[in-house]
Number of protein chains: 2
Amino acid sequence: MTSGDGTLLGAIEAGGTKFVLAVGRSPDDIEARHEIPTRKPEETLAEAAQWLEAHGELSALGIATFGPAQLDRDASDWGHILKTPKPGWSRCDLAGYFADHLGVPVGFDTDVNGAALAEHQLGAGRETAGMAYVTVGTGIGGGLIVNGQVVHGAGHPEMGHFFPRRDQSDHVFAGSCPFHGDCLEGLASGPAILSRWGQKLSDLPQDHEAHTLVAGYLAQLCHSLFAFCAIERVVLGGGVVKTPGLIDRVGEMTQLIGRDYLPGRTRQQVVPAELGNDAGLVGGLLLADACRI
Amino acid sequence: MTSGDGTLLGAIEAGGTKFVLAVGRSPDDIEARHEIPTRKPEETLAEAAQWLEAHGELSALGIATFGPAQLDRDASDWGHILKTPKPGWSRCDLAGYFADHLGVPVGFDTDVNGAALAEHQLGAGRETAGMAYVTVGTGIGGGLIVNGQVVHGAGHPEMGHFFPRRDQSDHVFAGSCPFHGDCLEGLASGPAILSRWGQKLSDLPQDHEAHTLVAGYLAQLCHSLFAFCAIERVVLGGGVVKTPGLIDRVGEMTQLIGRDYLPGRTRQQVVPAELGNDAGLVGGLLLADACRI
């Protein structure tokens with residue numbers, strides 16, 4: 001499906017604390033991989049370009065980046081980071097820098113969209129027409145695939161910032177999202193859990209209320225995604241989701257919430273991500289593969 | 001865009017209480033229109049076929065039907081009504097009947113998907129890549145357009161059956177949805193409003209709490225759709241939405257909920273449907289136009 005033509009593809013997963021770089025001859029085969037800390041744009045991008053160049057001539061590069069990012073191909077600032085609190089990075093022309101310095105076509109998307117693409121083509125979303133990839137970690141973000149395509153639309157999805165119904169037993173915690181308080185990210189992200197219960201979810205005993213509450217809020221996300229988009233799978237990744245038993249709880253609670261009503265319910269599942277920490281990088285290689293000439 | 005080639009197209013909007021029929025030479029030009037009451041399938045379909053045939057030779061027919069319906073082209077029961085409480089209609093082969101009796105290609109979708117298609121191509125969703133059409137009336141249902149295509153996925157969306165957060169002042173009413181109690185449909189549909197306040201929303205004074213509550217619940221739907229799918233517009237139709245001031249309230253409350261956060265917010269709007277009662281029929285003509293040979 002995405003086996004490449006033997007030429008070398010490059011990928012960058014651009015994150016707020018590190019850039020992960022890779023080269024490979026096909027998206028499912030990372031040949032070499034390297035991490036560099038994210039500093040000022042000039043230094044970071046120069047070091048990334050140097051490492052990539054050292055591995056030979058690339059046929060294309062794919063970038064899966066932290067956001068917000070301009071994904072609209074028709075916009076004059078396509079391929080740029082948009083306004084961000086991260087010093088120096090606002091309006092940084094990521095795609096343009098590498099197109100200029102490496103002289104190759106560049107594919108560009110957000111990190112979660114890249115991971116969604118990777119899980120869809122090579123991971124837990126294989127053989128679906130529609131799925132969402134949702135990562136639950138420092139934040140909660142998601143990428144949506146519909147009719148086999150990554151959804152961009154106006155900007156890009158921000159799935160962590162919807163408002164699940166609070167559990168009846170759960171009225172005191174104000175939520176940790178600086179924008180929305182108790183949106184999903186404010187209730188179920190890693191920092192929300194830590195600020196509320198003083199420990200990571202995986203360190204809390206299995207009968208602690210945290211497991212049920214977090215699973216219930218994530219289940220509302222899954223149910224709503226099924227109800228709005230009729231997707232077949234929600235693929236869950238990220239640090240919080242590694243908590244033993246959490247995915248099963250989310251799946252069970254999603255079914256409970258649905259009450260056997262949605263027309264696609266027998267085909268709709270909540271499943272763990274398969275590509276782990278490589279999802280963004282594999283997404284980058286897929287983006288490169290799709291744009292090489 | 002959808003101007004037809006001068007041949008005659010047929011459309012059926014198949015509803016639980018009436019079938020609305022139309023013919024036209026292009027989707028934006030209904031030449032003749034007729035309503036028949038929905039009775040047993042045999043009688044209803046025979047009368048519909050007869051009326052359509054009387055208008056000349058059709059080049060194609062489009063059906064926008066009540067659900068649940070089998071939309072999967074690869075399924076052996078494509079074009080059928082699925083299991084429904086409506087006596088006699090379960091497993092009715094709607095598309096097959098007309099393909100056989102009229103000898104023309106048949107396009108087939110749900111009524112809300114048909115209306116979404118119509119609003120997208122010829123109504124309030126023109127020039128968007130992504131939008132949702134949501135009708136708020138006897139029930140609440142929606143169709144989703146992403147990357148210019150109607151989303152089918154696993155079954156079809158059921159947007160009325162997600163769970164908005166209850167307003168702090170609003171804890172007593174149990175909701176009217178037989179499946180989910182206080183899902184959106186159970187809180188904001190016409191029957192929910194009537195059973196709760198004894199009047200239609202448009203008959204309640206403008207300072208009645210009902211206006212704010214209903215608008216707030218619909219705003220949560222709009223915010224969630226923007227956050228999940230990054231669509232550009234939510235197009236609202238249906239009887240409840242005709243209530244003066246409601247759409248503006250929903251738009252304002254959607255902005256309030258979003259707290260200026262979503263990356264596409266400047267391009268995201270809540271707008272009234274433009275095609276009114278014709279949306280389903282125009283959708284039927286578009287479905288016909290897309291499948292004629």
# chains A, B, ... in the order shown; residues from 1 in each chain; ligands from 1
>>> select_by_dssp(residues="region 118-272 of chain A", states="alpha helix (DSSP H)", output="JSON, numbers by chain")
{"A": [118, 119, 120, 121, 122, 184, 185, 186, 187, 188, 190, 191, 192, 193, 194, 195, 196, 197, 209, 210, 211, 212, 213, 214, 215, 216, 217, 218, 219, 220, 221, 222, 223, 224, 225, 226, 227, 228, 229, 246, 247, 248, 249, 250, 251, 252, 253, 254, 255, 256, 257, 258]}
>>> calpha_fit_and_write(fixed="chain B", moving="chain A", output="mmCIF file with C-alpha atoms, in the first residue's frame")
data_model
loop_
_atom_site.group_PDB
_atom_site.id
_atom_site.type_symbol
_atom_site.label_atom_id
_atom_site.label_comp_id
_atom_site.auth_asym_id
_atom_site.auth_seq_id
_atom_site.Cartn_x
_atom_site.Cartn_y
_atom_site.Cartn_z
ATOM 1 C CA MET A 1 -22.499 23.064 -10.948
ATOM 2 C CA THR A 2 -25.513 20.770 -11.003
ATOM 3 C CA SER A 3 -27.427 22.061 -13.945
ATOM 4 C CA GLY A 4 -28.449 18.720 -15.398
ATOM 5 C CA ASP A 5 -28.481 17.890 -19.097
ATOM 6 C CA GLY A 6 -32.105 18.642 -19.828
ATOM 7 C CA THR A 7 -33.342 15.132 -19.088
ATOM 8 C CA LEU A 8 -35.934 14.616 -16.378
ATOM 9 C CA LEU A 9 -34.835 13.749 -12.833
ATOM 10 C CA GLY A 10 -37.130 12.300 -10.188
ATOM 11 C CA ALA A 11 -36.949 12.678 -6.414
ATOM 12 C CA ILE A 12 -38.666 11.105 -3.434
ATOM 13 C CA GLU A 13 -38.470 12.362 0.115
ATOM 14 C CA ALA A 14 -39.744 9.344 1.968
ATOM 15 C CA GLY A 15 -41.116 10.233 5.387
ATOM 16 C CA GLY A 16 -42.967 8.375 8.089
ATOM 17 C CA THR A 17 -46.207 10.290 7.505
ATOM 18 C CA LYS A 18 -45.903 11.388 3.874
ATOM 19 C CA PHE A 19 -43.926 10.787 0.700
ATOM 20 C CA VAL A 20 -43.064 13.964 -1.193
ATOM 21 C CA LEU A 21 -42.392 13.470 -4.890
ATOM 22 C CA ALA A 22 -40.876 15.798 -7.446
ATOM 23 C CA VAL A 23 -39.528 15.948 -10.956
ATOM 24 C CA GLY A 24 -37.229 18.535 -12.451
ATOM 25 C CA ARG A 25 -34.637 19.052 -15.152
ATOM 26 C CA SER A 26 -32.041 20.223 -12.677
ATOM 27 C CA PRO A 27 -31.721 20.006 -8.894
ATOM 28 C CA ASP A 28 -32.428 23.698 -8.415
ATOM 29 C CA ASP A 29 -35.569 23.683 -10.509
ATOM 30 C CA ILE A 30 -38.515 21.608 -9.265
ATOM 31 C CA GLU A 31 -41.025 21.368 -12.132
ATOM 32 C CA ALA A 32 -43.780 19.462 -10.353
ATOM 33 C CA ARG A 33 -44.328 18.286 -6.820
ATOM 34 C CA HIS A 34 -46.817 16.013 -5.124
ATOM 35 C CA GLU A 35 -47.475 14.601 -1.664
ATOM 36 C CA ILE A 36 -49.005 11.275 -0.781
ATOM 37 C CA PRO A 37 -49.710 9.851 2.676
ATOM 38 C CA THR A 38 -47.462 7.035 3.854
ATOM 39 C CA ARG A 39 -49.499 3.835 4.192
ATOM 40 C CA LYS A 40 -48.377 0.249 3.675
ATOM 41 C CA PRO A 41 -45.287 -0.026 1.465
ATOM 42 C CA GLU A 42 -47.026 -1.687 -1.530
ATOM 43 C CA GLU A 43 -49.703 1.003 -1.910
ATOM 44 C CA THR A 44 -47.403 3.890 -1.165
ATOM 45 C CA LEU A 45 -44.656 2.818 -3.532
ATOM 46 C CA ALA A 46 -47.096 1.971 -6.326
ATOM 47 C CA GLU A 47 -48.756 5.368 -6.099
ATOM 48 C CA ALA A 48 -45.374 7.106 -6.041
ATOM 49 C CA ALA A 49 -44.168 5.190 -9.100
ATOM 50 C CA GLN A 50 -47.398 5.989 -10.948
ATOM 51 C CA TRP A 51 -47.108 9.728 -10.308
ATOM 52 C CA LEU A 52 -43.450 9.793 -11.349
ATOM 53 C CA GLU A 53 -44.122 7.789 -14.538
ATOM 54 C CA ALA A 54 -46.933 10.117 -15.521
ATOM 55 C CA HIS A 55 -44.419 12.959 -15.901
ATOM 56 C CA GLY A 56 -42.388 11.353 -18.650
ATOM 57 C CA GLU A 57 -39.283 9.272 -18.909
ATOM 58 C CA LEU A 58 -36.871 9.837 -16.056
ATOM 59 C CA SER A 59 -33.111 9.620 -16.477
ATOM 60 C CA ALA A 60 -32.589 8.842 -12.784
ATOM 61 C CA LEU A 61 -34.299 8.874 -9.397
ATOM 62 C CA GLY A 62 -32.975 10.033 -6.023
ATOM 63 C CA ILE A 63 -34.465 8.875 -2.737
ATOM 64 C CA ALA A 64 -33.930 10.684 0.585
ATOM 65 C CA THR A 65 -35.575 8.476 3.159
ATOM 66 C CA PHE A 66 -36.494 8.181 6.811
ATOM 67 C CA GLY A 67 -34.201 5.763 8.609
ATOM 68 C CA PRO A 68 -32.689 3.565 9.579
ATOM 69 C CA ALA A 69 -31.588 2.764 6.054
ATOM 70 C CA GLN A 70 -28.816 0.672 4.536
ATOM 71 C CA LEU A 71 -26.443 3.097 2.814
ATOM 72 C CA ASP A 72 -23.524 0.754 2.289
ATOM 73 C CA ARG A 73 -23.219 0.175 -1.458
ATOM 74 C CA ASP A 74 -21.426 -3.110 -0.853
ATOM 75 C CA ALA A 75 -24.131 -4.545 1.405
ATOM 76 C CA SER A 76 -26.600 -7.050 -0.036
ATOM 77 C CA ASP A 77 -29.452 -4.978 1.390
ATOM 78 C CA TRP A 78 -28.256 -1.617 0.057
ATOM 79 C CA GLY A 79 -31.222 0.667 -0.534
ATOM 80 C CA HIS A 80 -33.453 -1.071 2.036
ATOM 81 C CA ILE A 81 -35.139 0.346 5.101
ATOM 82 C CA LEU A 82 -33.637 -1.476 8.082
ATOM 83 C CA LYS A 83 -35.458 -2.638 11.192
ATOM 84 C CA THR A 84 -38.046 -0.012 12.082
ATOM 85 C CA PRO A 85 -41.033 0.102 14.433
ATOM 86 C CA LYS A 86 -43.105 1.374 11.495
ATOM 87 C CA PRO A 87 -45.424 -1.559 10.612
ATOM 88 C CA GLY A 88 -44.572 -3.259 7.322
ATOM 89 C CA TRP A 89 -41.561 -1.119 6.465
ATOM 90 C CA SER A 90 -38.753 -3.177 8.006
ATOM 91 C CA ARG A 91 -36.506 -4.535 5.246
ATOM 92 C CA CYS A 92 -38.496 -2.740 2.540
ATOM 93 C CA ASP A 93 -36.370 -2.543 -0.630
ATOM 94 C CA LEU A 94 -37.090 1.074 -1.538
ATOM 95 C CA ALA A 95 -34.295 1.533 -4.062
ATOM 96 C CA GLY A 96 -34.897 -1.859 -5.685
ATOM 97 C CA TYR A 97 -38.613 -1.221 -6.115
ATOM 98 C CA PHE A 98 -38.095 1.944 -8.128
ATOM 99 C CA ALA A 99 -35.112 0.600 -10.053
ATOM 100 C CA ASP A 100 -37.336 -2.283 -11.176
ATOM 101 C CA HIS A 101 -40.530 -0.326 -11.815
ATOM 102 C CA LEU A 102 -38.998 2.722 -13.460
ATOM 103 C CA GLY A 103 -35.945 1.091 -15.014
ATOM 104 C CA VAL A 104 -33.632 3.936 -13.989
ATOM 105 C CA PRO A 105 -30.511 4.297 -11.843
ATOM 106 C CA VAL A 106 -31.421 5.138 -8.249
ATOM 107 C CA GLY A 107 -29.492 7.268 -5.756
ATOM 108 C CA PHE A 108 -30.255 6.563 -2.108
ATOM 109 C CA ASP A 109 -29.516 8.303 1.171
ATOM 110 C CA THR A 110 -31.191 9.338 4.408
ATOM 111 C CA ASP A 111 -33.468 12.383 4.522
ATOM 112 C CA VAL A 112 -31.028 14.392 6.631
ATOM 113 C CA ASN A 113 -28.082 13.426 4.443
ATOM 114 C CA GLY A 114 -30.124 14.476 1.421
ATOM 115 C CA ALA A 115 -30.905 17.798 3.070
ATOM 116 C CA ALA A 116 -27.244 18.226 4.033
ATOM 117 C CA LEU A 117 -26.220 17.600 0.438
ATOM 118 C CA ALA A 118 -28.798 20.136 -0.777
ATOM 119 C CA GLU A 119 -27.780 22.832 1.713
ATOM 120 C CA HIS A 120 -24.129 22.183 0.860
ATOM 121 C CA GLN A 121 -24.521 22.461 -2.887
ATOM 122 C CA LEU A 122 -27.359 24.945 -3.240
ATOM 123 C CA GLY A 123 -28.102 26.422 0.171
ATOM 124 C CA ALA A 124 -26.515 27.765 3.340
ATOM 125 C CA GLY A 125 -23.405 25.586 3.119
ATOM 126 C CA ARG A 126 -22.255 26.687 -0.328
ATOM 127 C CA GLU A 127 -18.510 27.178 -0.659
ATOM 128 C CA THR A 128 -17.626 25.229 2.452
ATOM 129 C CA ALA A 129 -15.514 22.092 2.475
ATOM 130 C CA GLY A 130 -17.170 20.881 5.651
ATOM 131 C CA MET A 131 -20.536 21.524 7.277
ATOM 132 C CA ALA A 132 -23.288 19.841 9.234
ATOM 133 C CA TYR A 133 -26.996 20.167 8.571
ATOM 134 C CA VAL A 134 -29.005 19.669 11.747
ATOM 135 C CA THR A 135 -32.781 19.595 11.864
ATOM 136 C CA VAL A 136 -34.525 20.306 15.159
ATOM 137 C CA GLY A 137 -38.149 19.273 15.022
ATOM 138 C CA THR A 138 -39.983 16.097 16.017
ATOM 139 C CA GLY A 139 -36.536 14.644 16.470
ATOM 140 C CA ILE A 140 -33.013 15.990 16.117
ATOM 141 C CA GLY A 141 -30.906 14.583 13.327
ATOM 142 C CA GLY A 142 -27.977 15.699 11.292
ATOM 143 C CA GLY A 143 -25.954 15.039 8.185
ATOM 144 C CA LEU A 144 -22.234 15.727 7.961
ATOM 145 C CA ILE A 145 -20.256 16.890 4.941
ATOM 146 C CA VAL A 146 -16.486 16.594 5.140
ATOM 147 C CA ASN A 147 -14.007 17.277 2.359
ATOM 148 C CA GLY A 148 -17.039 18.002 0.171
ATOM 149 C CA GLN A 149 -18.586 14.544 0.647
ATOM 150 C CA VAL A 150 -21.580 13.292 2.628
ATOM 151 C CA VAL A 151 -20.327 11.102 5.465
ATOM 152 C CA HIS A 152 -21.854 7.638 5.722
ATOM 153 C CA GLY A 153 -19.333 5.630 7.700
ATOM 154 C CA ALA A 154 -20.699 2.931 9.982
ATOM 155 C CA GLY A 155 -24.427 3.444 9.493
ATOM 156 C CA HIS A 156 -24.996 7.180 9.568
ATOM 157 C CA PRO A 157 -24.684 9.970 12.132
ATOM 158 C CA GLU A 158 -27.275 10.326 14.875
ATOM 159 C CA MET A 159 -26.401 13.786 16.130
ATOM 160 C CA GLY A 160 -29.449 14.166 18.348
ATOM 161 C CA HIS A 161 -28.267 11.449 20.673
ATOM 162 C CA PHE A 162 -25.230 12.949 22.337
ATOM 163 C CA PHE A 163 -25.343 14.229 25.892
ATOM 164 C CA PRO A 164 -24.950 17.973 26.337
ATOM 165 C CA ARG A 165 -24.002 19.100 29.802
ATOM 166 C CA ARG A 166 -27.128 20.049 31.739
ATOM 167 C CA ASP A 167 -27.445 23.676 32.743
ATOM 168 C CA GLN A 168 -26.893 24.247 36.468
ATOM 169 C CA SER A 169 -30.466 25.507 36.818
ATOM 170 C CA ASP A 170 -31.882 22.531 34.962
ATOM 171 C CA HIS A 171 -31.818 19.302 36.941
ATOM 172 C CA VAL A 172 -35.404 18.094 37.240
ATOM 173 C CA PHE A 173 -36.678 17.306 33.735
ATOM 174 C CA ALA A 174 -35.751 13.705 32.905
ATOM 175 C CA GLY A 175 -35.776 14.221 29.145
ATOM 176 C CA SER A 176 -38.115 12.748 26.568
ATOM 177 C CA CYS A 177 -35.902 10.403 24.547
ATOM 178 C CA PRO A 178 -37.142 6.831 24.975
ATOM 179 C CA PHE A 179 -33.589 5.555 24.523
ATOM 180 C CA HIS A 180 -31.420 8.077 26.326
ATOM 181 C CA GLY A 181 -33.668 10.280 28.449
ATOM 182 C CA ASP A 182 -31.911 13.625 28.454
ATOM 183 C CA CYS A 183 -29.751 13.405 25.350
ATOM 184 C CA LEU A 184 -29.987 16.459 23.072
ATOM 185 C CA GLU A 185 -33.144 15.157 21.400
ATOM 186 C CA GLY A 186 -34.644 14.473 24.820
ATOM 187 C CA LEU A 187 -33.980 18.062 25.871
ATOM 188 C CA ALA A 188 -34.357 20.269 22.804
ATOM 189 C CA SER A 189 -36.646 18.589 20.248
ATOM 190 C CA GLY A 190 -40.181 19.843 19.682
ATOM 191 C CA PRO A 191 -41.818 17.059 21.745
ATOM 192 C CA ALA A 192 -39.308 17.571 24.577
ATOM 193 C CA ILE A 193 -40.141 21.279 24.726
ATOM 194 C CA LEU A 194 -43.885 20.619 24.560
ATOM 195 C CA SER A 195 -43.871 17.933 27.248
ATOM 196 C CA ARG A 196 -41.847 20.134 29.520
ATOM 197 C CA TRP A 197 -43.299 23.603 29.140
ATOM 198 C CA GLY A 198 -46.698 22.757 27.613
ATOM 199 C CA GLN A 199 -46.155 25.046 24.633
ATOM 200 C CA LYS A 200 -44.093 25.339 21.501
ATOM 201 C CA LEU A 201 -40.863 27.321 21.910
ATOM 202 C CA SER A 202 -42.119 29.999 19.533
ATOM 203 C CA ASP A 203 -45.207 30.500 21.749
ATOM 204 C CA LEU A 204 -43.213 31.031 24.935
ATOM 205 C CA PRO A 205 -42.284 34.641 25.813
ATOM 206 C CA GLN A 206 -38.779 35.695 24.752
ATOM 207 C CA ASP A 207 -37.658 36.021 28.376
ATOM 208 C CA HIS A 208 -38.754 32.479 29.233
ATOM 209 C CA GLU A 209 -35.914 30.244 30.398
ATOM 210 C CA ALA A 210 -36.759 27.751 27.646
ATOM 211 C CA HIS A 211 -35.097 29.943 25.004
ATOM 212 C CA THR A 212 -31.787 30.065 26.850
ATOM 213 C CA LEU A 213 -31.800 26.406 27.803
ATOM 214 C CA VAL A 214 -32.644 25.110 24.327
ATOM 215 C CA ALA A 215 -30.152 27.489 22.702
ATOM 216 C CA GLY A 216 -27.480 26.415 25.176
ATOM 217 C CA TYR A 217 -27.963 22.717 24.450
ATOM 218 C CA LEU A 218 -27.893 23.307 20.700
ATOM 219 C CA ALA A 219 -24.795 25.474 21.170
ATOM 220 C CA GLN A 220 -23.046 22.549 22.826
ATOM 221 C CA LEU A 221 -23.808 20.486 19.739
ATOM 222 C CA CYS A 222 -22.366 23.216 17.503
ATOM 223 C CA HIS A 223 -19.235 23.670 19.630
ATOM 224 C CA SER A 224 -18.634 19.921 19.750
ATOM 225 C CA LEU A 225 -19.054 19.610 15.969
ATOM 226 C CA PHE A 226 -16.570 22.440 15.433
ATOM 227 C CA ALA A 227 -14.123 20.888 17.926
ATOM 228 C CA PHE A 228 -14.377 17.327 16.567
ATOM 229 C CA CYS A 229 -14.662 17.887 12.830
ATOM 230 C CA ALA A 230 -13.309 21.417 12.236
ATOM 231 C CA ILE A 231 -16.303 22.048 9.974
ATOM 232 C CA GLU A 232 -16.993 25.586 8.860
ATOM 233 C CA ARG A 233 -20.751 25.814 9.308
ATOM 234 C CA VAL A 234 -23.582 24.292 11.238
ATOM 235 C CA VAL A 235 -26.747 24.825 9.194
ATOM 236 C CA LEU A 236 -29.826 24.627 11.426
ATOM 237 C CA GLY A 237 -33.263 23.749 10.085
ATOM 238 C CA GLY A 238 -36.539 22.275 11.308
ATOM 239 C CA GLY A 239 -39.611 23.626 13.077
ATOM 240 C CA VAL A 240 -38.042 24.548 16.424
ATOM 241 C CA VAL A 241 -35.345 26.595 14.683
ATOM 242 C CA LYS A 242 -37.992 28.902 13.198
ATOM 243 C CA THR A 243 -38.421 30.370 16.697
ATOM 244 C CA PRO A 244 -37.488 34.063 16.373
ATOM 245 C CA GLY A 245 -34.074 34.803 17.838
ATOM 246 C CA LEU A 246 -33.086 31.193 18.419
ATOM 247 C CA ILE A 247 -30.337 30.934 15.811
ATOM 248 C CA ASP A 248 -28.672 34.136 17.022
ATOM 249 C CA ARG A 249 -28.772 32.848 20.582
ATOM 250 C CA VAL A 250 -27.231 29.531 19.508
ATOM 251 C CA GLY A 251 -24.466 31.340 17.615
ATOM 252 C CA GLU A 252 -23.658 33.611 20.554
ATOM 253 C CA MET A 253 -23.636 30.775 23.056
ATOM 254 C CA THR A 254 -21.446 28.660 20.767
ATOM 255 C CA GLN A 255 -18.897 31.471 20.761
ATOM 256 C CA LEU A 256 -19.100 31.809 24.550
ATOM 257 C CA ILE A 257 -18.510 28.091 25.033
ATOM 258 C CA GLY A 258 -15.514 28.133 22.673
ATOM 259 C CA ARG A 259 -13.718 30.929 24.587
ATOM 260 C CA ASP A 260 -11.942 32.042 21.455
ATOM 261 C CA TYR A 261 -9.867 28.880 21.380
ATOM 262 C CA LEU A 262 -10.581 26.771 18.296
ATOM 263 C CA PRO A 263 -8.069 27.383 15.488
ATOM 264 C CA GLY A 264 -10.831 27.738 12.881
ATOM 265 C CA ARG A 265 -13.116 29.944 14.985
ATOM 266 C CA THR A 266 -13.103 32.956 12.681
ATOM 267 C CA ARG A 267 -14.393 30.763 9.846
ATOM 268 C CA GLN A 268 -16.966 28.847 11.905
ATOM 269 C CA GLN A 269 -20.585 29.944 11.880
ATOM 270 C CA VAL A 270 -24.051 28.826 12.913
ATOM 271 C CA VAL A 271 -26.504 29.771 10.160
ATOM 272 C CA PRO A 272 -30.145 29.099 9.241
ATOM 273 C CA ALA A 273 -31.010 26.601 6.525
ATOM 274 C CA GLU A 274 -31.965 28.232 3.231
ATOM 275 C CA LEU A 275 -33.932 25.569 1.421
ATOM 276 C CA GLY A 276 -36.661 25.127 4.020
ATOM 277 C CA ASN A 277 -39.085 22.278 3.388
ATOM 278 C CA ASP A 278 -37.536 21.601 -0.012
ATOM 279 C CA ALA A 279 -34.119 20.544 1.314
ATOM 280 C CA GLY A 280 -34.869 16.809 1.274
ATOM 281 C CA LEU A 281 -36.419 16.932 -2.195
ATOM 282 C CA VAL A 282 -33.578 18.982 -3.632
ATOM 283 C CA GLY A 283 -31.255 16.440 -2.048
ATOM 284 C CA GLY A 284 -33.184 13.731 -3.873
ATOM 285 C CA LEU A 285 -32.724 15.542 -7.180
ATOM 286 C CA LEU A 286 -28.994 15.929 -6.468
ATOM 287 C CA LEU A 287 -28.751 12.206 -5.708
ATOM 288 C CA ALA A 288 -30.534 11.506 -9.004
ATOM 289 C CA ASP A 289 -28.283 13.923 -10.872
ATOM 290 C CA ALA A 290 -25.189 12.206 -9.459
ATOM 291 C CA CYS A 291 -26.218 8.713 -10.574
ATOM 292 C CA ARG A 292 -27.765 9.256 -14.003
ATOM 293 C CA ILE A 293 -25.839 7.579 -16.768
#
>>> select_by_dssp(residues="region 12-245 of chain B", states="strand (DSSP E or B)", output="PyMOL selection string")
chain B and resi 12-14+18-26+29-37+58-65+69+81+106-110+131-136+140-146+149-150+177+181+233-237
>>> write_last_selection(atoms="C-alpha atoms", output="PDB file, in the first residue's frame")
ATOM      1  CA  ILE B  12     -38.669  11.097  -3.457  1.00  0.00           C
ATOM      2  CA  GLU B  13     -38.483  12.363   0.090  1.00  0.00           C
ATOM      3  CA  ALA B  14     -39.767   9.318   1.931  1.00  0.00           C
ATOM      4  CA  LYS B  18     -45.922  11.369   3.828  1.00  0.00           C
ATOM      5  CA  PHE B  19     -43.952  10.783   0.659  1.00  0.00           C
ATOM      6  CA  VAL B  20     -43.079  13.955  -1.224  1.00  0.00           C
ATOM      7  CA  LEU B  21     -42.397  13.465  -4.928  1.00  0.00           C
ATOM      8  CA  ALA B  22     -40.883  15.790  -7.478  1.00  0.00           C
ATOM      9  CA  VAL B  23     -39.511  15.945 -10.989  1.00  0.00           C
ATOM     10  CA  GLY B  24     -37.215  18.543 -12.473  1.00  0.00           C
ATOM     11  CA  ARG B  25     -34.605  19.073 -15.165  1.00  0.00           C
ATOM     12  CA  SER B  26     -32.018  20.220 -12.678  1.00  0.00           C
ATOM     13  CA  ASP B  29     -35.560  23.672 -10.507  1.00  0.00           C
ATOM     14  CA  ILE B  30     -38.500  21.602  -9.266  1.00  0.00           C
ATOM     15  CA  GLU B  31     -41.006  21.355 -12.132  1.00  0.00           C
ATOM     16  CA  ALA B  32     -43.766  19.460 -10.389  1.00  0.00           C
ATOM     17  CA  ARG B  33     -44.316  18.298  -6.852  1.00  0.00           C
ATOM     18  CA  HIS B  34     -46.814  16.011  -5.163  1.00  0.00           C
ATOM     19  CA  GLU B  35     -47.485  14.590  -1.705  1.00  0.00           C
ATOM     20  CA  ILE B  36     -49.016  11.248  -0.832  1.00  0.00           C
ATOM     21  CA  PRO B  37     -49.725   9.828   2.618  1.00  0.00           C
ATOM     22  CA  LEU B  58     -36.832   9.841 -16.078  1.00  0.00           C
ATOM     23  CA  SER B  59     -33.059   9.614 -16.496  1.00  0.00           C
ATOM     24  CA  ALA B  60     -32.569   8.842 -12.786  1.00  0.00           C
ATOM     25  CA  LEU B  61     -34.279   8.879  -9.410  1.00  0.00           C
ATOM     26  CA  GLY B  62     -32.964  10.038  -6.032  1.00  0.00           C
ATOM     27  CA  ILE B  63     -34.474   8.876  -2.748  1.00  0.00           C
ATOM     28  CA  ALA B  64     -33.950  10.680   0.574  1.00  0.00           C
ATOM     29  CA  THR B  65     -35.605   8.458   3.142  1.00  0.00           C
ATOM     30  CA  ALA B  69     -31.612   2.742   6.041  1.00  0.00           C
ATOM     31  CA  ILE B  81     -35.172   0.336   5.070  1.00  0.00           C
ATOM     32  CA  VAL B 106     -31.411   5.138  -8.249  1.00  0.00           C
ATOM     33  CA  GLY B 107     -29.485   7.277  -5.743  1.00  0.00           C
ATOM     34  CA  PHE B 108     -30.272   6.570  -2.113  1.00  0.00           C
ATOM     35  CA  ASP B 109     -29.540   8.297   1.182  1.00  0.00           C
ATOM     36  CA  THR B 110     -31.220   9.327   4.418  1.00  0.00           C
ATOM     37  CA  MET B 131     -20.558  21.507   7.272  1.00  0.00           C
ATOM     38  CA  ALA B 132     -23.311  19.835   9.233  1.00  0.00           C
ATOM     39  CA  TYR B 133     -27.012  20.161   8.581  1.00  0.00           C
ATOM     40  CA  VAL B 134     -29.020  19.666  11.759  1.00  0.00           C
ATOM     41  CA  THR B 135     -32.794  19.598  11.888  1.00  0.00           C
ATOM     42  CA  VAL B 136     -34.525  20.310  15.190  1.00  0.00           C
ATOM     43  CA  ILE B 140     -33.019  15.993  16.162  1.00  0.00           C
ATOM     44  CA  GLY B 141     -30.922  14.582  13.355  1.00  0.00           C
ATOM     45  CA  GLY B 142     -27.991  15.683  11.310  1.00  0.00           C
ATOM     46  CA  GLY B 143     -25.978  15.032   8.203  1.00  0.00           C
ATOM     47  CA  LEU B 144     -22.257  15.723   7.974  1.00  0.00           C
ATOM     48  CA  ILE B 145     -20.286  16.884   4.941  1.00  0.00           C
ATOM     49  CA  VAL B 146     -16.509  16.593   5.142  1.00  0.00           C
ATOM     50  CA  GLN B 149     -18.615  14.528   0.649  1.00  0.00           C
ATOM     51  CA  VAL B 150     -21.612  13.281   2.636  1.00  0.00           C
ATOM     52  CA  CYS B 177     -35.866  10.420  24.610  1.00  0.00           C
ATOM     53  CA  GLY B 181     -33.621  10.307  28.505  1.00  0.00           C
ATOM     54  CA  ARG B 233     -20.759  25.807   9.308  1.00  0.00           C
ATOM     55  CA  VAL B 234     -23.602  24.281  11.229  1.00  0.00           C
ATOM     56  CA  VAL B 235     -26.772  24.817   9.207  1.00  0.00           C
ATOM     57  CA  LEU B 236     -29.843  24.627  11.436  1.00  0.00           C
ATOM     58  CA  GLY B 237     -33.281  23.741  10.102  1.00  0.00           C
TER      59      GLY B 237
END
